[in-house]
Amino acid sequence: MEIRIEKTQNPKEKPQDESKLGFGHIFTDHMFVMEYDTGKGWHDARVVPYGNIELSPAAMVLHYGQEIFEGLKAYRTADGSIQFFRPVENFKRMNISAERLVIPEIPVEDALQALHTVVEVDKDWVPHTDGASLYIRPFIFAADPFLGVRPGDKYYFMIIMSPSGAYYSTGLEPVSIYVETKYVRAVRGGMGFTKTGGNYAASLHSQDDAHKLNYSQVLWLDGIEQKYIEEVGSMNIMFVIDGEVVTPQLQGSVLSGITRKSVLELCKKWGIKATERRISIQEVADAYDAGKLDEVFGTGTAAVVSPVGHLRWGDKVMEIGNNKIGQLTQRLYDTMTGMQYGKLPDDMGWIEKL
Ligand code: COI
């Protein structure tokens, strides 16, 4: 694929204090853009200065939400080189989302070429501080000016990038999670397994309610019985019950997280029993009451491995591990970030160098 590169004449000042990056506020100097038209396919791949885009007010994405996205990171290692964590998995998943939303797929090798090219142009934006990284957001949306409901004929694929710190302002401090019993995020047969904006829009009301009660995230239950645990929305969830890691199985309504998959693979390698199965919130509460709920943690690209300190289900508030990070959670965090930042050998074949 040929990619045209147009560099900015007005490079921005890079953040001086990398401890204050926050998440997703700051954008680099460039972005990747490629267009799709029915009959022509994907065309005009380019890296251009980061900036606003012109869109018809009738653009289909604004009305019917035909949009998908991904999230991955570029990490700087101690020797200054830059690397990605399993980027192939992101672009494979992007095509799975694309298929569900009738969006034209992008060959994984083309998406990877776009990723490498745009990060190479903005490589000086990859933070130098431990825990900070360049968060990368590829996305595709339908842009035809048309008010009828049908799949688009015109799409944009873009990649924007944001030097970021921890997703949660609390860093590695345990997060408090509120179990949602009124609304649901997704149902089987719906779009829960895709990364599409609508899934996140569906979560906002509950997230607001949770914030009012001083909980930072919402844990979703299944859309039919509201009994079985699904995911948090910004991350998958795992429970350590009596030494065994249990996480909800993927059955169409849960996102197939790359960190989730990696954690399961690490547990297998370490000889820790890790099971994907249906798990009800009642089972978690019972394990808590029996003193067997050892640890709870979330997994996600943005969240990495994030300890859960409090879980509230109705009137029941469970404090997990004295609101401190658990042993396995810490080990997984150290191993994942160790590989990502090049401090530990990549014995799983997960690292791709820029
Ligand atoms: C990610 O972990 O990269 C995501 O896309 C989740 C998002 C809520 C930040």
# chains A, B, ... in the order shown; residues from 1 in each chain; ligands from 1
$ residues_near_ligand --ligand "ligand 1" --cutoff "10 Å" --atoms "only C-alpha atoms and all ligand atoms" --output "count of residues only"
32
$ residues_around --residues "Tyr178 of chain A" --least-positions-apart "4" --cutoff "7 Å" --atoms "only C-alpha atoms" --output "list in words"
Ala210, Tyr215, Gln217, Val218, Leu219, Leu311, Arg312 and Trp313 of chain A
$ select_by_dssp --residues "segment 106-321 of chain A" --states "strand (DSSP E or B)" --output "MDAnalysis selection string"
chainID A and resid 133:142 145 154:164 175:179 217:219 221 228:229 236:241 244:247 274:276 280 293:300 304:313 316:319
$ residues_around --residues "Gly252 of chain A" --least-positions-apart "6" --cutoff "7 Å" --atoms "only C-alpha atoms" --output "mmCIF file with C-alpha atoms, in the first residue's frame"
data_model
loop_
_atom_site.group_PDB
_atom_site.id
_atom_site.type_symbol
_atom_site.label_atom_id
_atom_site.label_comp_id
_atom_site.auth_asym_id
_atom_site.auth_seq_id
_atom_site.Cartn_x
_atom_site.Cartn_y
_atom_site.Cartn_z
ATOM 1 C CA ARG A 188 -26.418 -12.147 22.923
ATOM 2 C CA GLY A 189 -26.866 -11.607 19.196
ATOM 3 C CA GLY A 192 -21.402 -6.580 22.703
ATOM 4 C CA PHE A 193 -18.405 -8.398 21.224
#
$ select_by_dssp --residues "segment 10-232 of chain A" --states "helix (DSSP H, G or I)" --output "ChimeraX atom specification"
/A:18-20,60-64,87-100,108-121,123-125,197-201,204-212
$ closest_atom_pairs --of "segment 201-284 of chain A" --to "segment 332-341 of chain A" --cutoff "9 Å" --atoms "only C-alpha atoms" --output "Markdown table"
| residue | atom | partner | partner_atom | distance |
| --- | --- | --- | --- | --- |
| A:Thr259 | CA | A:Met336 | CA | 8.6 |
| A:Ser262 | CA | A:Met336 | CA | 8.4 |
| A:Val263 | CA | A:Leu332 | CA | 7.0 |
| A:Leu266 | CA | A:Leu332 | CA | 8.0 |
| A:Cys267 | CA | A:Leu332 | CA | 8.7 |
$ residues_around --residues "segment 10-22 of chain A" --least-positions-apart "2" --cutoff "6 Å" --atoms "only C-alpha atoms" --output "list of chain:residue names"
A:Thr8, A:Ser164, A:Gly165
$ atom_distance --atom1 "atom CA of Val240 of chain A" --atom2 "atom CA of Leu344 of chain A"
24.7 Å
$ closest_residue --among "A:Gly51, A:Gly243, A:Gly223, A:Pro248" --to "Lys273 of chain A" --atoms "only C-alpha atoms"
A:Gly243
$ residues_around --residues "segment 184-187 of chain A" --least-positions-apart "5" --cutoff "8 Å" --atoms "only C-alpha atoms" --output "number ranges by chain"
A: 192, 199, 202-203, 220-224, 226, 252-254
$ write_last_selection --atoms "all heavy atoms" --output "CSV table (one decimal), in the first residue's frame"
chain,number,residue,atom,x,y,z
A,192,GLY,N,-22.3,-6.7,21.5
A,192,GLY,CA,-21.4,-6.6,22.7
A,192,GLY,C,-20.0,-7.0,22.4
A,192,GLY,O,-19.1,-6.5,23.1
A,199,ASN,N,-21.9,0.7,22.1
A,199,ASN,CA,-21.8,0.0,23.3
A,199,ASN,C,-21.4,0.9,24.5
A,199,ASN,O,-21.8,0.7,25.6
A,199,ASN,CB,-20.7,-1.1,23.2
A,199,ASN,CG,-21.2,-2.3,22.3
A,199,ASN,OD1,-22.4,-2.5,22.2
A,199,ASN,ND2,-20.3,-3.0,21.7
A,202,ALA,N,-24.3,3.2,25.5
A,202,ALA,CA,-25.2,2.5,26.3
A,202,ALA,C,-24.8,2.4,27.8
A,202,ALA,O,-25.6,2.2,28.7
A,202,ALA,CB,-25.4,1.0,25.8
A,203,SER,N,-23.5,2.7,28.0
A,203,SER,CA,-23.0,2.6,29.4
A,203,SER,C,-23.0,3.9,30.2
A,203,SER,O,-22.8,3.9,31.4
A,203,SER,CB,-21.5,2.1,29.3
A,203,SER,OG,-20.7,3.1,28.9
A,220,TRP,N,-21.3,-4.9,34.4
A,220,TRP,CA,-22.5,-5.3,33.7
A,220,TRP,C,-22.9,-6.8,33.9
A,220,TRP,O,-22.0,-7.6,33.9
A,220,TRP,CB,-22.3,-5.1,32.2
A,220,TRP,CG,-22.1,-3.6,31.9
A,220,TRP,CD1,-20.9,-3.0,31.6
A,220,TRP,CD2,-23.1,-2.6,31.8
A,220,TRP,NE1,-21.1,-1.7,31.4
A,220,TRP,CE2,-22.5,-1.4,31.5
A,220,TRP,CE3,-24.5,-2.6,32.0
A,220,TRP,CZ2,-23.1,-0.2,31.4
A,220,TRP,CZ3,-25.2,-1.4,31.9
A,220,TRP,CH2,-24.5,-0.2,31.6
A,221,LEU,N,-24.2,-7.0,34.1
A,221,LEU,CA,-24.7,-8.3,34.2
A,221,LEU,C,-25.3,-8.7,32.8
A,221,LEU,O,-25.6,-7.8,32.0
A,221,LEU,CB,-25.7,-8.4,35.3
A,221,LEU,CG,-25.2,-8.1,36.7
A,221,LEU,CD1,-26.3,-8.2,37.7
A,221,LEU,CD2,-24.0,-9.0,37.1
A,222,ASP,N,-25.6,-10.0,32.6
A,222,ASP,CA,-26.1,-10.4,31.3
A,222,ASP,C,-27.5,-9.7,31.0
A,222,ASP,O,-28.2,-9.4,32.0
A,222,ASP,CB,-26.3,-11.9,31.3
A,222,ASP,CG,-27.5,-12.4,32.2
A,222,ASP,OD1,-27.3,-12.5,33.4
A,222,ASP,OD2,-28.6,-12.6,31.6
A,223,GLY,N,-27.8,-9.6,29.8
A,223,GLY,CA,-29.0,-8.8,29.4
A,223,GLY,C,-30.3,-9.6,29.5
A,223,GLY,O,-31.3,-9.0,29.2
A,224,ILE,N,-30.2,-10.9,29.8
A,224,ILE,CA,-31.5,-11.6,29.9
A,224,ILE,C,-31.9,-11.8,31.4
A,224,ILE,O,-33.0,-11.3,31.7
A,224,ILE,CB,-31.3,-13.0,29.2
A,224,ILE,CG1,-31.1,-12.7,27.7
A,224,ILE,CG2,-32.6,-13.8,29.3
A,224,ILE,CD1,-30.6,-13.8,26.9
A,226,GLN,N,-29.9,-10.9,34.1
A,226,GLN,CA,-29.2,-10.0,34.9
A,226,GLN,C,-28.7,-10.7,36.2
A,226,GLN,O,-28.8,-10.3,37.3
A,226,GLN,CB,-30.1,-8.8,35.3
A,226,GLN,CG,-30.2,-7.9,34.1
A,226,GLN,CD,-30.8,-6.6,34.5
A,226,GLN,OE1,-32.0,-6.4,34.6
A,226,GLN,NE2,-30.0,-5.6,34.7
A,252,GLY,N,-20.6,-13.7,22.9
A,252,GLY,CA,-21.3,-12.7,22.0
A,252,GLY,C,-21.5,-11.4,22.6
A,252,GLY,O,-21.6,-10.4,21.8
A,253,SER,N,-21.7,-11.3,23.9
A,253,SER,CA,-22.0,-10.0,24.5
A,253,SER,C,-20.8,-9.4,25.2
A,253,SER,O,-20.9,-8.3,25.7
A,253,SER,CB,-23.2,-10.1,25.4
A,253,SER,OG,-23.0,-11.2,26.3
A,254,VAL,N,-19.7,-10.1,25.3
A,254,VAL,CA,-18.5,-9.6,26.0
A,254,VAL,C,-17.4,-9.3,25.0
A,254,VAL,O,-17.2,-10.1,24.1
A,254,VAL,CB,-18.1,-10.7,27.0
A,254,VAL,CG1,-16.7,-10.3,27.7
A,254,VAL,CG2,-19.1,-10.9,28.1
$ closest_residue --among "A:Asp153, A:Asp294, A:Asp242, A:Glu99" --to "Lys40 of chain A" --atoms "only C-alpha atoms"
A:Asp153
$ residues_around --residues "segment 141-152 of chain A" --least-positions-apart "3" --cutoff "8 Å" --atoms "only C-alpha atoms" --output "list in words"
Leu55, Ser56, Pro57, Ala58, Ala59, Met60, Val61, His63, Tyr64, Gln66, Glu67, Ile68, Val102, Ile103, Tyr155, Tyr156 and Phe157 of chain A
$ write_last_selection --atoms "N, CA, C and O atoms" --output "compact mmCIF listing (two decimals), in the first residue's frame"
# COMPACT_ATOMS: atom_id res chain seq x y z
N LEU A 55 -17.10 17.14 7.69
CA LEU A 55 -18.07 16.05 7.60
C LEU A 55 -19.44 16.66 7.32
O LEU A 55 -19.80 17.67 7.92
N SER A 56 -20.20 16.04 6.42
CA SER A 56 -21.56 16.51 6.18
C SER A 56 -22.40 16.32 7.44
O SER A 56 -22.26 15.29 8.12
N PRO A 57 -23.30 17.26 7.74
CA PRO A 57 -24.19 17.04 8.89
C PRO A 57 -25.08 15.81 8.68
O PRO A 57 -25.64 15.27 9.64
N ALA A 58 -25.18 15.36 7.42
CA ALA A 58 -25.98 14.16 7.15
C ALA A 58 -25.13 12.89 7.18
O ALA A 58 -25.65 11.80 6.91
N ALA A 59 -23.84 13.01 7.51
CA ALA A 59 -22.97 11.82 7.51
C ALA A 59 -23.63 10.70 8.32
O ALA A 59 -24.08 10.91 9.45
N MET A 60 -23.67 9.51 7.75
CA MET A 60 -24.45 8.43 8.34
C MET A 60 -24.03 8.07 9.76
O MET A 60 -24.86 7.73 10.59
N VAL A 61 -22.73 8.19 10.03
CA VAL A 61 -22.27 7.84 11.38
C VAL A 61 -22.94 8.69 12.46
O VAL A 61 -23.19 8.23 13.57
N HIS A 63 -25.92 9.71 12.55
CA HIS A 63 -27.34 9.39 12.74
C HIS A 63 -27.57 7.95 13.19
O HIS A 63 -28.40 7.70 14.06
N TYR A 64 -26.80 7.04 12.60
CA TYR A 64 -27.08 5.63 12.89
C TYR A 64 -25.89 4.90 13.51
O TYR A 64 -25.95 3.69 13.72
N GLN A 66 -22.82 3.97 12.60
CA GLN A 66 -22.02 2.90 11.97
C GLN A 66 -20.54 3.25 12.13
O GLN A 66 -19.94 3.94 11.30
N GLU A 67 -19.95 2.74 13.19
CA GLU A 67 -18.58 3.12 13.60
C GLU A 67 -17.96 2.01 14.41
O GLU A 67 -18.65 1.34 15.19
N ILE A 68 -16.68 1.80 14.22
CA ILE A 68 -15.94 0.84 15.06
C ILE A 68 -14.59 1.46 15.42
O ILE A 68 -14.12 2.38 14.75
N VAL A 102 -21.20 -4.32 9.06
CA VAL A 102 -21.22 -4.18 7.59
C VAL A 102 -20.33 -3.02 7.15
O VAL A 102 -20.70 -2.19 6.31
N ILE A 103 -19.14 -2.99 7.72
CA ILE A 103 -18.12 -2.00 7.35
C ILE A 103 -17.06 -2.76 6.56
O ILE A 103 -16.72 -3.89 6.92
N TYR A 155 -16.46 5.48 3.55
CA TYR A 155 -15.93 5.32 4.91
C TYR A 155 -14.58 6.01 5.03
O TYR A 155 -13.85 6.16 4.04
N TYR A 156 -14.27 6.37 6.25
CA TYR A 156 -12.92 6.84 6.59
C TYR A 156 -12.33 5.88 7.61
O TYR A 156 -13.02 5.50 8.56
N PHE A 157 -11.05 5.54 7.39
CA PHE A 157 -10.28 4.84 8.42
C PHE A 157 -9.22 5.82 8.89
O PHE A 157 -8.48 6.38 8.08
$ residues_around --residues "segment 279-282 of chain A" --least-positions-apart "4" --cutoff "8 Å" --atoms "only C-alpha atoms" --output "list in words"
Leu221, Lys227, Tyr228, Ile229, Val246, Thr247, Pro248 and Asp286 of chain A
$ closest_residue --among "A:Pro127, A:Pro307, A:Pro87, A:Pro49" --to "Gly171 of chain A" --atoms "only C-alpha atoms"
A:Pro307
$ closest_residue --among "A:Met161, A:Ile3, A:Leu101, A:Val88" --to "Ala114 of chain A" --atoms "only C-alpha atoms"
A:Ile3
$ closest_residue --among "A:Asn95, A:Ile241, A:Met34, A:Asn214" --to "Met158 of chain A" --atoms "only C-alpha atoms"
A:Met34
$ decode --residues "segment 146-171 of chain A" --atoms "N, CA and C atoms" --output "compact mmCIF listing (two decimals), in the first residue's frame"
# COMPACT_ATOMS: atom_id res chain seq x y z
N PHE A 146 -26.54 10.84 3.88
CA PHE A 146 -27.76 10.12 3.51
C PHE A 146 -28.53 9.79 4.78
N LEU A 147 -29.86 10.00 4.74
CA LEU A 147 -30.65 9.78 5.95
C LEU A 147 -31.42 8.45 5.97
N GLY A 148 -31.27 7.67 4.92
CA GLY A 148 -31.90 6.34 4.95
C GLY A 148 -31.04 5.39 5.77
N VAL A 149 -31.66 4.35 6.29
CA VAL A 149 -30.90 3.37 7.07
C VAL A 149 -30.42 2.26 6.15
N ARG A 150 -29.13 2.24 5.94
CA ARG A 150 -28.47 1.18 5.17
C ARG A 150 -26.97 1.30 5.43
N PRO A 151 -26.18 0.28 5.10
CA PRO A 151 -24.73 0.44 5.27
C PRO A 151 -24.20 1.53 4.35
N GLY A 152 -23.16 2.21 4.77
CA GLY A 152 -22.60 3.30 3.98
C GLY A 152 -21.91 2.83 2.70
N ASP A 153 -21.66 3.80 1.83
CA ASP A 153 -20.86 3.55 0.63
C ASP A 153 -19.53 4.29 0.71
N LYS A 154 -19.41 5.12 1.76
CA LYS A 154 -18.19 5.93 1.90
C LYS A 154 -17.71 5.84 3.36
N TYR A 155 -16.46 5.48 3.55
CA TYR A 155 -15.93 5.32 4.91
C TYR A 155 -14.58 6.01 5.03
N TYR A 156 -14.27 6.37 6.25
CA TYR A 156 -12.92 6.84 6.59
C TYR A 156 -12.33 5.88 7.61
N PHE A 157 -11.05 5.54 7.39
CA PHE A 157 -10.28 4.84 8.42
C PHE A 157 -9.22 5.82 8.89
N MET A 158 -9.20 6.08 10.18
CA MET A 158 -8.23 7.03 10.71
C MET A 158 -7.51 6.43 11.90
N ILE A 159 -6.31 6.96 12.14
CA ILE A 159 -5.58 6.60 13.38
C ILE A 159 -5.12 7.91 14.01
N ILE A 160 -5.56 8.14 15.24
CA ILE A 160 -5.08 9.29 16.01
C ILE A 160 -4.33 8.77 17.23
N MET A 161 -3.52 9.62 17.81
CA MET A 161 -2.63 9.14 18.88
C MET A 161 -2.53 10.16 20.00
N SER A 162 -2.46 9.65 21.23
CA SER A 162 -2.51 10.52 22.39
C SER A 162 -1.51 10.05 23.46
N PRO A 163 -0.47 10.84 23.73
CA PRO A 163 0.42 10.45 24.83
C PRO A 163 -0.37 10.45 26.14
N SER A 164 -0.35 9.34 26.84
CA SER A 164 -1.25 9.16 27.99
C SER A 164 -0.57 8.49 29.17
N GLY A 165 -1.12 8.75 30.33
CA GLY A 165 -0.72 8.04 31.55
C GLY A 165 -1.75 6.97 31.85
N ALA A 166 -1.96 6.68 33.12
CA ALA A 166 -2.90 5.64 33.52
C ALA A 166 -4.33 6.04 33.14
N TYR A 167 -5.16 5.04 32.78
CA TYR A 167 -6.55 5.33 32.41
C TYR A 167 -7.33 5.83 33.61
N TYR A 168 -7.11 5.20 34.76
CA TYR A 168 -7.79 5.65 35.98
C TYR A 168 -6.91 6.65 36.69
N SER A 169 -7.52 7.74 37.14
CA SER A 169 -6.72 8.78 37.79
C SER A 169 -6.06 8.25 39.06
N THR A 170 -6.60 7.14 39.59
CA THR A 170 -6.02 6.56 40.80
C THR A 170 -4.79 5.70 40.50
N GLY A 171 -4.42 5.54 39.22
CA GLY A 171 -3.25 4.73 38.87
C GLY A 171 -3.46 3.27 39.22
